[in-house]
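Data from data21.csv: CSV, C-alpha atoms (C1' of nucleotides)
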```
chain,number,residue,atom,x,y,z
A,12,MET,CA,16.7,1.9,-8.0
A,13,ALA,CA,18.7,3.5,-5.2
A,14,GLY,CA,18.5,7.0,-6.5
A,15,LYS,CA,14.9,7.9,-6.0
A,16,SER,CA,14.0,11.0,-4.1
A,17,THR,CA,13.0,9.1,-1.0
A,18,ASN,CA,11.6,5.7,-0.5
A,19,PRO,CA,9.8,3.9,-3.4
A,20,ASN,CA,6.7,3.8,-1.3
A,21,PHE,CA,8.3,1.7,1.4
A,22,MET,CA,7.4,-1.9,1.1
A,23,ASN,CA,5.0,-1.8,-1.7
A,24,GLY,CA,5.8,-4.6,-4.1
A,25,VAL,CA,6.2,-7.4,-1.7
A,26,PRO,CA,3.8,-9.6,-3.6
A,27,GLU,CA,5.9,-8.9,-6.7
A,28,LEU,CA,9.0,-9.9,-4.8
A,29,LEU,CA,7.6,-13.1,-3.6
A,30,ILE,CA,6.2,-14.0,-7.0
A,31,LEU,CA,9.5,-13.4,-8.7
A,32,ARG,CA,11.3,-15.5,-6.0
A,33,LEU,CA,9.0,-18.4,-6.6
A,34,LEU,CA,9.4,-18.2,-10.3
A,35,GLN,CA,13.1,-18.2,-9.9
A,36,GLN,CA,12.9,-21.7,-8.6
A,37,GLN,CA,10.5,-23.1,-11.1
A,38,GLU,CA,7.9,-22.4,-13.7
A,39,MET,CA,4.5,-21.9,-12.1
A,40,TYR,CA,1.0,-20.7,-12.9
A,41,GLY,CA,-1.1,-18.1,-11.2
A,42,TYR,CA,-3.4,-20.3,-9.2
A,43,GLU,CA,-0.5,-22.3,-8.0
A,44,ILE,CA,1.4,-19.2,-6.9
A,45,VAL,CA,-1.5,-18.1,-4.7
A,46,GLN,CA,-1.3,-21.3,-2.8
A,47,ALA,CA,2.4,-21.6,-2.8
A,48,ILE,CA,2.8,-18.2,-1.1
A,49,ARG,CA,0.2,-19.2,1.5
A,50,SER,CA,1.7,-22.5,2.3
A,51,GLN,CA,5.4,-21.6,2.1
A,52,SER,CA,4.9,-18.7,4.4
A,53,ASN,CA,3.1,-20.9,6.9
A,54,GLU,CA,-0.2,-19.1,6.4
A,55,VAL,CA,1.4,-15.9,7.5
A,56,ILE,CA,1.1,-14.3,4.1
A,57,THR,CA,-2.0,-14.6,1.9
A,58,VAL,CA,-2.3,-12.8,-1.5
A,59,GLY,CA,-5.5,-13.2,-3.4
A,60,GLU,CA,-5.8,-13.8,-7.1
A,61,GLY,CA,-6.8,-10.2,-7.5
A,62,VAL,CA,-3.2,-9.4,-6.5
A,63,VAL,CA,-1.3,-12.1,-8.3
A,64,TYR,CA,-2.8,-11.9,-11.8
A,65,PRO,CA,-2.3,-8.2,-12.3
A,66,VAL,CA,1.2,-8.5,-11.1
A,67,LEU,CA,1.9,-11.4,-13.5
A,68,HIS,CA,0.5,-9.4,-16.4
A,69,ALA,CA,2.5,-6.3,-15.5
A,70,LEU,CA,5.7,-8.2,-15.2
A,71,GLU,CA,5.2,-9.9,-18.5
A,72,ARG,CA,4.4,-6.6,-20.1
A,73,GLU,CA,7.7,-5.4,-18.9
A,74,LYS,CA,9.4,-8.5,-20.1
A,75,ALA,CA,10.5,-9.7,-16.6
A,76,LEU,CA,8.4,-12.8,-17.2
A,77,LYS,CA,7.5,-14.9,-20.2
A,78,SER,CA,4.5,-17.2,-20.4
A,79,ARG,CA,3.4,-20.2,-22.3
A,80,ARG,CA,0.1,-22.1,-22.4
A,81,LYS,CA,0.0,-25.7,-21.4
A,82,THR,CA,-3.1,-27.9,-21.4
A,83,ILE,CA,-3.1,-30.6,-18.8
A,84,ASN,CA,-6.1,-32.9,-18.5
A,85,GLY,CA,-8.1,-30.6,-20.7
A,86,ARG,CA,-7.3,-27.8,-18.2
A,87,SER,CA,-5.6,-24.9,-19.6
A,88,ARG,CA,-2.8,-23.2,-17.6
A,89,VAL,CA,-0.6,-20.2,-18.2
A,90,TYR,CA,2.9,-21.0,-17.0
A,91,TYR,CA,5.2,-18.2,-16.2
A,92,SER,CA,9.0,-18.3,-16.1
A,93,MET,CA,11.7,-15.7,-15.5
A,94,THR,CA,13.7,-13.8,-18.1
A,95,ARG,CA,17.2,-12.5,-17.5
A,96,SER,CA,15.6,-9.1,-17.0
A,97,GLY,CA,13.3,-10.5,-14.3
A,98,SER,CA,16.3,-12.1,-12.6
A,99,ARG,CA,17.9,-8.7,-12.4
A,100,ARG,CA,14.8,-7.2,-11.1
A,101,LEU,CA,14.5,-9.8,-8.4
A,102,ALA,CA,18.0,-9.1,-7.3
A,103,GLY,CA,17.3,-5.4,-7.0
A,104,LEU,CA,14.0,-5.9,-5.1
A,105,CYS,CA,15.7,-8.4,-2.9
A,106,SER,CA,18.5,-6.1,-1.8
A,107,ASP,CA,16.0,-3.2,-1.4
A,108,TRP,CA,14.0,-5.4,0.9
A,109,THR,CA,17.0,-6.6,2.9
A,110,ASN,CA,18.2,-3.1,3.5
A,111,LEU,CA,14.8,-1.9,4.6
A,112,ALA,CA,14.2,-4.8,6.9
A,113,GLU,CA,17.6,-4.4,8.5
A,114,ALA,CA,17.1,-0.7,9.0
A,115,ILE,CA,13.7,-1.3,10.7
A,116,HIS,CA,15.1,-4.2,12.8
A,117,THR,CA,17.9,-2.0,14.0
A,118,MET,CA,15.5,0.7,15.0
A,119,LEU,CA,13.2,-1.7,16.8
A,120,THR,CA,15.8,-3.6,18.7
A,121,GLY,CA,19.0,-1.6,19.0
A,122,ALA,CA,19.0,1.8,20.5
A,123,GLU,CA,19.1,1.5,24.2
A,124,HIS,CA,21.7,4.1,23.5
A,125,ILE,CA,19.3,6.9,23.6
A,126,GLU,CA,21.2,10.1,23.1
A,127,ALA,CA,24.2,12.1,24.1
A,128,VAL,CA,22.9,15.6,23.6
B,21,MET,CA,-5.4,-6.7,15.1
B,22,ALA,CA,-4.4,-10.3,14.4
B,23,GLY,CA,-7.7,-11.6,13.3
B,24,LYS,CA,-8.3,-9.9,10.0
B,25,SER,CA,-9.4,-11.8,7.0
B,26,THR,CA,-6.0,-11.9,5.4
B,27,ASN,CA,-3.1,-9.5,5.8
B,28,PRO,CA,-3.7,-6.1,7.3
B,29,ASN,CA,-2.6,-4.6,4.1
B,30,PHE,CA,0.8,-6.1,4.4
B,31,MET,CA,3.3,-3.7,5.7
B,32,ASN,CA,1.3,-0.5,5.7
B,33,GLY,CA,1.9,1.3,8.9
B,34,VAL,CA,5.7,1.2,9.0
B,35,PRO,CA,5.9,4.9,9.7
B,36,GLU,CA,3.5,4.4,12.5
B,37,LEU,CA,5.6,1.6,13.9
B,38,LEU,CA,8.8,3.6,13.8
B,39,ILE,CA,7.2,6.7,15.3
B,40,LEU,CA,5.8,4.7,18.2
B,41,ARG,CA,9.1,3.1,18.7
B,42,LEU,CA,10.9,6.4,18.9
B,43,LEU,CA,8.3,7.8,21.3
B,44,GLN,CA,8.7,4.8,23.5
B,45,GLN,CA,12.2,5.9,24.2
B,46,GLN,CA,11.6,9.5,24.8
B,47,GLU,CA,9.3,12.4,24.3
B,48,MET,CA,9.7,14.0,20.9
B,49,TYR,CA,8.2,16.5,18.5
B,50,GLY,CA,7.2,16.1,14.9
B,51,TYR,CA,10.1,17.8,13.1
B,52,GLU,CA,12.5,16.0,15.4
B,53,ILE,CA,10.9,12.6,14.5
B,54,VAL,CA,11.4,13.2,10.8
B,55,GLN,CA,15.1,13.7,11.3
B,56,ALA,CA,15.5,10.9,13.8
B,57,ILE,CA,14.0,8.3,11.5
B,58,ARG,CA,16.3,9.5,8.7
B,59,SER,CA,19.5,9.4,10.8
B,60,GLN,CA,18.8,6.4,12.9
B,61,SER,CA,18.1,4.3,9.8
B,62,ASN,CA,21.3,5.5,8.3
B,63,GLU,CA,19.5,7.4,5.6
B,64,VAL,CA,17.8,4.2,4.4
B,65,ILE,CA,14.3,5.4,5.5
B,66,THR,CA,13.0,8.8,4.9
B,67,VAL,CA,9.5,9.9,5.9
B,68,GLY,CA,8.3,13.4,5.1
B,69,GLU,CA,6.4,15.7,7.3
B,70,GLY,CA,3.4,15.0,5.2
B,71,VAL,CA,3.5,11.5,6.6
B,72,VAL,CA,4.5,12.1,10.2
B,73,TYR,CA,2.1,14.8,11.2
B,74,PRO,CA,-1.1,13.0,10.1
B,75,VAL,CA,0.1,9.9,11.9
B,76,LEU,CA,0.8,11.8,15.1
B,77,HIS,CA,-2.7,13.4,14.9
B,78,ALA,CA,-4.4,10.1,14.3
B,79,LEU,CA,-2.6,8.4,17.1
B,80,GLU,CA,-3.4,11.1,19.5
B,81,ARG,CA,-7.1,11.0,18.4
B,82,GLU,CA,-7.0,7.3,19.2
B,83,LYS,CA,-5.3,8.0,22.6
B,84,ALA,CA,-2.2,6.1,21.8
B,85,LEU,CA,-0.3,9.4,22.2
B,86,LYS,CA,-0.7,12.5,24.3
B,87,SER,CA,0.8,15.8,23.5
B,88,ARG,CA,1.8,19.0,25.3
B,89,ARG,CA,3.1,22.3,24.1
B,90,LYS,CA,6.4,23.6,25.1
B,91,THR,CA,8.0,26.9,24.1
B,92,ILE,CA,11.7,26.9,23.7
B,93,ASN,CA,13.5,30.0,22.7
B,94,GLY,CA,10.3,31.5,21.6
B,95,ARG,CA,9.8,28.5,19.3
B,96,SER,CA,6.7,26.5,20.0
B,97,ARG,CA,6.9,22.7,19.8
B,98,VAL,CA,4.3,20.0,20.3
B,99,TYR,CA,5.9,17.1,22.2
B,100,TYR,CA,4.3,13.7,22.0
B,101,SER,CA,4.7,10.9,24.5
B,102,MET,CA,3.2,7.4,24.6
B,103,THR,CA,0.2,6.3,26.6
B,104,ARG,CA,-0.3,2.8,28.0
B,105,SER,CA,-2.6,2.1,25.1
B,106,GLY,CA,0.1,3.3,22.7
B,107,SER,CA,2.5,0.9,24.3
B,108,ARG,CA,0.2,-2.0,23.7
B,109,ARG,CA,-0.3,-0.9,20.1
B,110,LEU,CA,3.4,-0.8,19.6
B,111,ALA,CA,3.8,-4.3,21.0
B,112,GLY,CA,1.2,-5.6,18.5
B,113,LEU,CA,2.6,-3.9,15.5
B,114,CYS,CA,6.0,-5.0,16.4
B,115,SER,CA,5.1,-8.6,16.6
B,116,ASP,CA,3.1,-8.3,13.4
B,117,TRP,CA,6.2,-6.9,11.7
B,118,THR,CA,8.5,-9.5,13.0
B,119,ASN,CA,6.3,-12.4,11.8
B,120,LEU,CA,6.0,-10.9,8.4
B,121,ALA,CA,9.7,-10.1,8.0
B,122,GLU,CA,10.5,-13.6,9.1
B,123,ALA,CA,8.1,-15.2,6.7
B,124,ILE,CA,9.5,-13.2,3.8
B,125,HIS,CA,13.0,-13.9,4.8
B,126,THR,CA,12.3,-17.6,4.9
B,127,MET,CA,10.8,-17.5,1.4
B,128,LEU,CA,13.8,-15.5,0.1
B,129,THR,CA,16.6,-17.5,1.5
B,130,GLY,CA,15.4,-20.9,2.5
B,131,ALA,CA,13.7,-23.1,-0.1
B,132,GLU,CA,16.4,-24.7,-2.0
B,133,HIS,CA,14.2,-27.7,-1.2
B,134,ILE,CA,12.1,-27.1,-4.3
B,135,GLU,CA,9.4,-29.7,-4.1
B,136,ALA,CA,8.6,-33.3,-3.6
B,137,VAL,CA,5.5,-33.6,-5.7
C,1,DT,C1',17.1,43.1,4.7
C,2,DG,C1',17.3,38.6,2.8
C,3,DC,C1',18.1,33.8,3.4
C,4,DA,C1',18.2,29.4,5.6
C,5,DA,C1',16.7,26.5,9.2
C,6,DT,C1',13.2,25.4,12.4
C,7,DA,C1',8.4,23.9,13.3
C,8,DC,C1',3.8,23.2,12.4
C,9,DA,C1',0.1,21.8,9.2
C,10,DT,C1',-3.0,20.6,5.0
C,11,DT,C1',-4.0,19.2,0.4
C,12,DG,C1',-4.4,16.6,-4.0
C,13,DA,C1',-2.7,13.1,-6.7
C,14,DA,C1',-0.8,8.5,-7.3
C,15,DC,C1',-0.3,4.0,-6.2
C,16,DT,C1',-1.1,-0.5,-4.0
C,17,DG,C1',-3.5,-4.1,-2.5
C,18,DC,C1',-7.9,-6.2,-1.6
C,19,DG,C1',-12.5,-8.2,-2.0
C,20,DA,C1',-16.1,-9.2,-4.8
C,21,DG,C1',-17.6,-10.8,-8.9
C,22,DG,C1',-17.5,-13.1,-13.4
C,23,DT,C1',-16.4,-17.0,-16.8
C,24,DA,C1',-15.3,-21.8,-17.8
C,25,DT,C1',-13.9,-26.7,-17.3
C,26,DA,C1',-13.2,-31.2,-14.7
C,27,DG,C1',-14.3,-34.4,-11.2
C,28,DT,C1',-17.3,-36.4,-7.7
C,29,DG,C1',-21.3,-38.0,-5.6
C,30,DA,C1',-26.4,-38.4,-5.4
D,14,DT,C1',-28.2,-36.3,-15.3
D,15,DC,C1',-27.6,-32.7,-12.0
D,16,DA,C1',-25.5,-30.2,-8.5
D,17,DC,C1',-21.6,-28.9,-6.1
D,18,DT,C1',-16.8,-28.3,-5.4
D,19,DA,C1',-12.2,-27.4,-7.0
D,20,DT,C1',-9.4,-25.7,-10.5
D,21,DA,C1',-8.0,-21.8,-13.4
D,22,DC,C1',-8.3,-17.6,-15.5
D,23,DC,C1',-9.6,-12.6,-15.3
D,24,DT,C1',-11.3,-7.5,-14.2
D,25,DC,C1',-13.3,-3.8,-11.6
D,26,DG,C1',-13.9,-0.4,-8.0
D,27,DC,C1',-13.1,0.8,-3.2
D,28,DA,C1',-10.3,1.9,0.5
D,29,DG,C1',-6.2,3.1,2.7
D,30,DT,C1',-1.3,4.9,2.5
D,31,DT,C1',2.3,7.7,1.2
D,32,DC,C1',4.2,11.4,-1.2
D,33,DA,C1',5.4,16.0,-3.0
D,34,DA,C1',4.1,20.5,-2.9
D,35,DT,C1',2.6,24.2,-0.6
D,36,DG,C1',1.5,27.5,3.1
D,37,DT,C1',2.3,29.9,7.6
D,38,DA,C1',5.3,31.8,11.2
D,39,DT,C1',9.5,32.4,13.9
D,40,DT,C1',14.6,32.5,14.9
D,41,DG,C1',19.4,33.4,13.8
D,42,DC,C1',22.9,34.9,10.8
D,43,DA,C1',25.3,37.6,7.5
```
Full structure transcribed into structure tokens:
Amino acid sequence: MAGKSTNPNFMNGVPELLILRLLQQQEMYGYEIVQAIRSQSNEVITVGEGVVYPVLHALEREKALKSRRKTINGRSRVYYSMTRSGSRRLAGLCSDWTNLAEAIHTMLTGAEHIEAV
Amino acid sequence: MAGKSTNPNFMNGVPELLILRLLQQQEMYGYEIVQAIRSQSNEVITVGEGVVYPVLHALEREKALKSRRKTINGRSRVYYSMTRSGSRRLAGLCSDWTNLAEAIHTMLTGAEHIEAV
DNA sequence: TGCAATACATTGAACTGCGAGGTATAGTGA
DNA sequence: TCACTATACCTCGCAGTTCAATGTATTGCA
């Protein structure tokens, strides 16, 4: 994950990162995730269902998540939880993100040092 | 720029952000920007010329940048510098980025608080 | 002469993320 | 009972970015 030619398309995959992070804490279902991201980010980040569901399906396909159906009040939900593989994936994405954010932060704030050509 | 329906496509526009930031400090030319981003980010971020030039052209078209040709050692360079409009644009992107990064950071680190349903 | 570095630029493909739309059930109020 | 909203799932096509690859031309060096 650190040996690609350049950047893996920069910050793509933030929804995936957030979803994995939420599922690390507790089992959740799609609709719930959409609202959790919105509320936990103080309305700063909003991902639609059109983003969340495809990501969940892809992660399950890659065995980073596993799902089980539960019916509650006659309402069927698909609960997702993390696998060990998903946990590893989260750790990787998390460190990628941190590196990137730090690099950008440095470029934005530091650098009153101009140059010494 | 802060009143879109949801997220302005998340973090798209990071190259633009970095380019504007560099040009805020000093006049630069395309090839130089490519290398400055790479070195100032400690090799964490690499943007190719295929990213930088289109961004420069677009920003100039929108009057966020202005350019002038200089020939040095028989080598022609196009130097870009920021306009007042570009400065405002940078301020906006910068604050957008900061909000986003903070929100993500909070979701990644905070939240041992699980829930209280 | 040949090669690498500099310096500009464009193009096509690939990938995300997004909004819009579609289905179905449960609860609420008229 | 009916209509409306909220819940809960899902898919499709568009739009916008980024990337690698490629092309041109010049300079300096061996």
Sort by chain and increasing residue number a table of all residues of segment 29-119 of chain A within 9 Å of segment 115-132 of chain B, each with its closest pair of atoms and their distance in Å to one decimal, counting only C-alpha atoms, and write it as CSV.
```
residue,atom,partner,partner_atom,distance
A:Leu29,CA,B:Met127,CA,7.4
A:Arg32,CA,B:Leu128,CA,6.6
A:Leu33,CA,B:Met127,CA,8.2
A:Gln36,CA,B:Glu132,CA,8.1
A:Ile48,CA,B:Met127,CA,8.4
A:Gln51,CA,B:Met127,CA,6.8
A:Ser52,CA,B:Ala123,CA,5.3
A:Asn53,CA,B:Ala123,CA,7.6
A:Val55,CA,B:Ala123,CA,6.8
A:Ile56,CA,B:Leu120,CA,7.4
A:Cys105,CA,B:Leu128,CA,7.9
A:Thr109,CA,B:His125,CA,8.5
A:Ala112,CA,B:Ala121,CA,7.0
A:His116,CA,B:Thr118,CA,8.5
```
*Identify every residue of chain C that has at least one atom within 8 Å of any atom of chain A, counting all atoms listed in the file, and report the result as a PyMOL selection string.*
chain C and resi 16-18+25-26
Counting all atoms listed in the file, collect the residues of chain D whose closest atom lies at most 12 Å from chain A, and write them out as a PDB file with C-alpha atoms (C1' of nucleotides), keeping the file's coordinate frame.
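Result saved to selection_17.pdb:
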```pdb
ATOM      1  C1'  DA D  19     -12.200 -27.400  -7.000  1.00  0.00           C
ATOM      2  C1'  DT D  20      -9.400 -25.700 -10.500  1.00  0.00           C
ATOM      3  C1'  DA D  21      -8.000 -21.800 -13.400  1.00  0.00           C
ATOM      4  C1'  DC D  22      -8.300 -17.600 -15.500  1.00  0.00           C
ATOM      5  C1'  DC D  23      -9.600 -12.600 -15.300  1.00  0.00           C
ATOM      6  C1'  DT D  24     -11.300  -7.500 -14.200  1.00  0.00           C
ATOM      7  C1'  DC D  25     -13.300  -3.800 -11.600  1.00  0.00           C
ATOM      8  C1'  DT D  30      -1.300   4.900   2.500  1.00  0.00           C
ATOM      9  C1'  DT D  31       2.300   7.700   1.200  1.00  0.00           C
ATOM     10  C1'  DC D  32       4.200  11.400  -1.200  1.00  0.00           C
ATOM     11  C1'  DA D  33       5.400  16.000  -3.000  1.00  0.00           C
TER      12       DA D  33
END
```
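For the set A:Thr82, A:Ser92, A:Gln35, A:Ser98, the residue with the smallest atom-to-atom gap to chain B is A:Gln35, counting only C-alpha atoms.
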*Report the distance between atom CA of Leu67 of chain A and atom CA of Leu28 of chain A in Å, rounded to one decimal place.*
11.3 Å
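Our summary of the geometry notes that atom CA of Leu34 of chain A is positioned 25.5 Å from atom C1' of DG19 of chain C.
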*Pick from A:Ile30, A:Thr57, A:Glu38, A:Tyr91 nearest to chain B, counting all atoms listed in the file*: A:Thr57
So which residues are close to (2.2, 27.5, 0.9), meaning at most 12 Å away in the file's coordinates with all atoms listed in the file counted, and can you show them as an mmCIF file with C-alpha atoms (C1' of nucleotides), keeping the file's coordinate frame?
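Saved to point07.cif:
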```cif
data_model
loop_
_atom_site.group_PDB
_atom_site.id
_atom_site.type_symbol
_atom_site.label_atom_id
_atom_site.label_comp_id
_atom_site.auth_asym_id
_atom_site.auth_seq_id
_atom_site.Cartn_x
_atom_site.Cartn_y
_atom_site.Cartn_z
ATOM 1 C "C1'" DA C 9 0.100 21.800 9.200
ATOM 2 C "C1'" DT C 10 -3.000 20.600 5.000
ATOM 3 C "C1'" DT C 11 -4.000 19.200 0.400
ATOM 4 C "C1'" DA D 34 4.100 20.500 -2.900
ATOM 5 C "C1'" DT D 35 2.600 24.200 -0.600
ATOM 6 C "C1'" DG D 36 1.500 27.500 3.100
ATOM 7 C "C1'" DT D 37 2.300 29.900 7.600
ATOM 8 C "C1'" DA D 38 5.300 31.800 11.200
#
```
*Counting only C-alpha atoms, figure out which residue out of A:Leu70, A:Ile83, A:Leu104, A:Val63 gets nearest to chain B.*
A:Leu104
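Residues lying at most 9 Å from (20.0, 31.5, 6.6) in file coordinates, with only C-alpha atoms (C1' of nucleotides) considered, are DG2, DC3, DA4 and DA5 of chain C; DG41, DC42 and DA43 of chain D.
Between atom C1' of DT40 of chain D and atom CA of Ser87 of chain B there is a distance of 23.3 Å.
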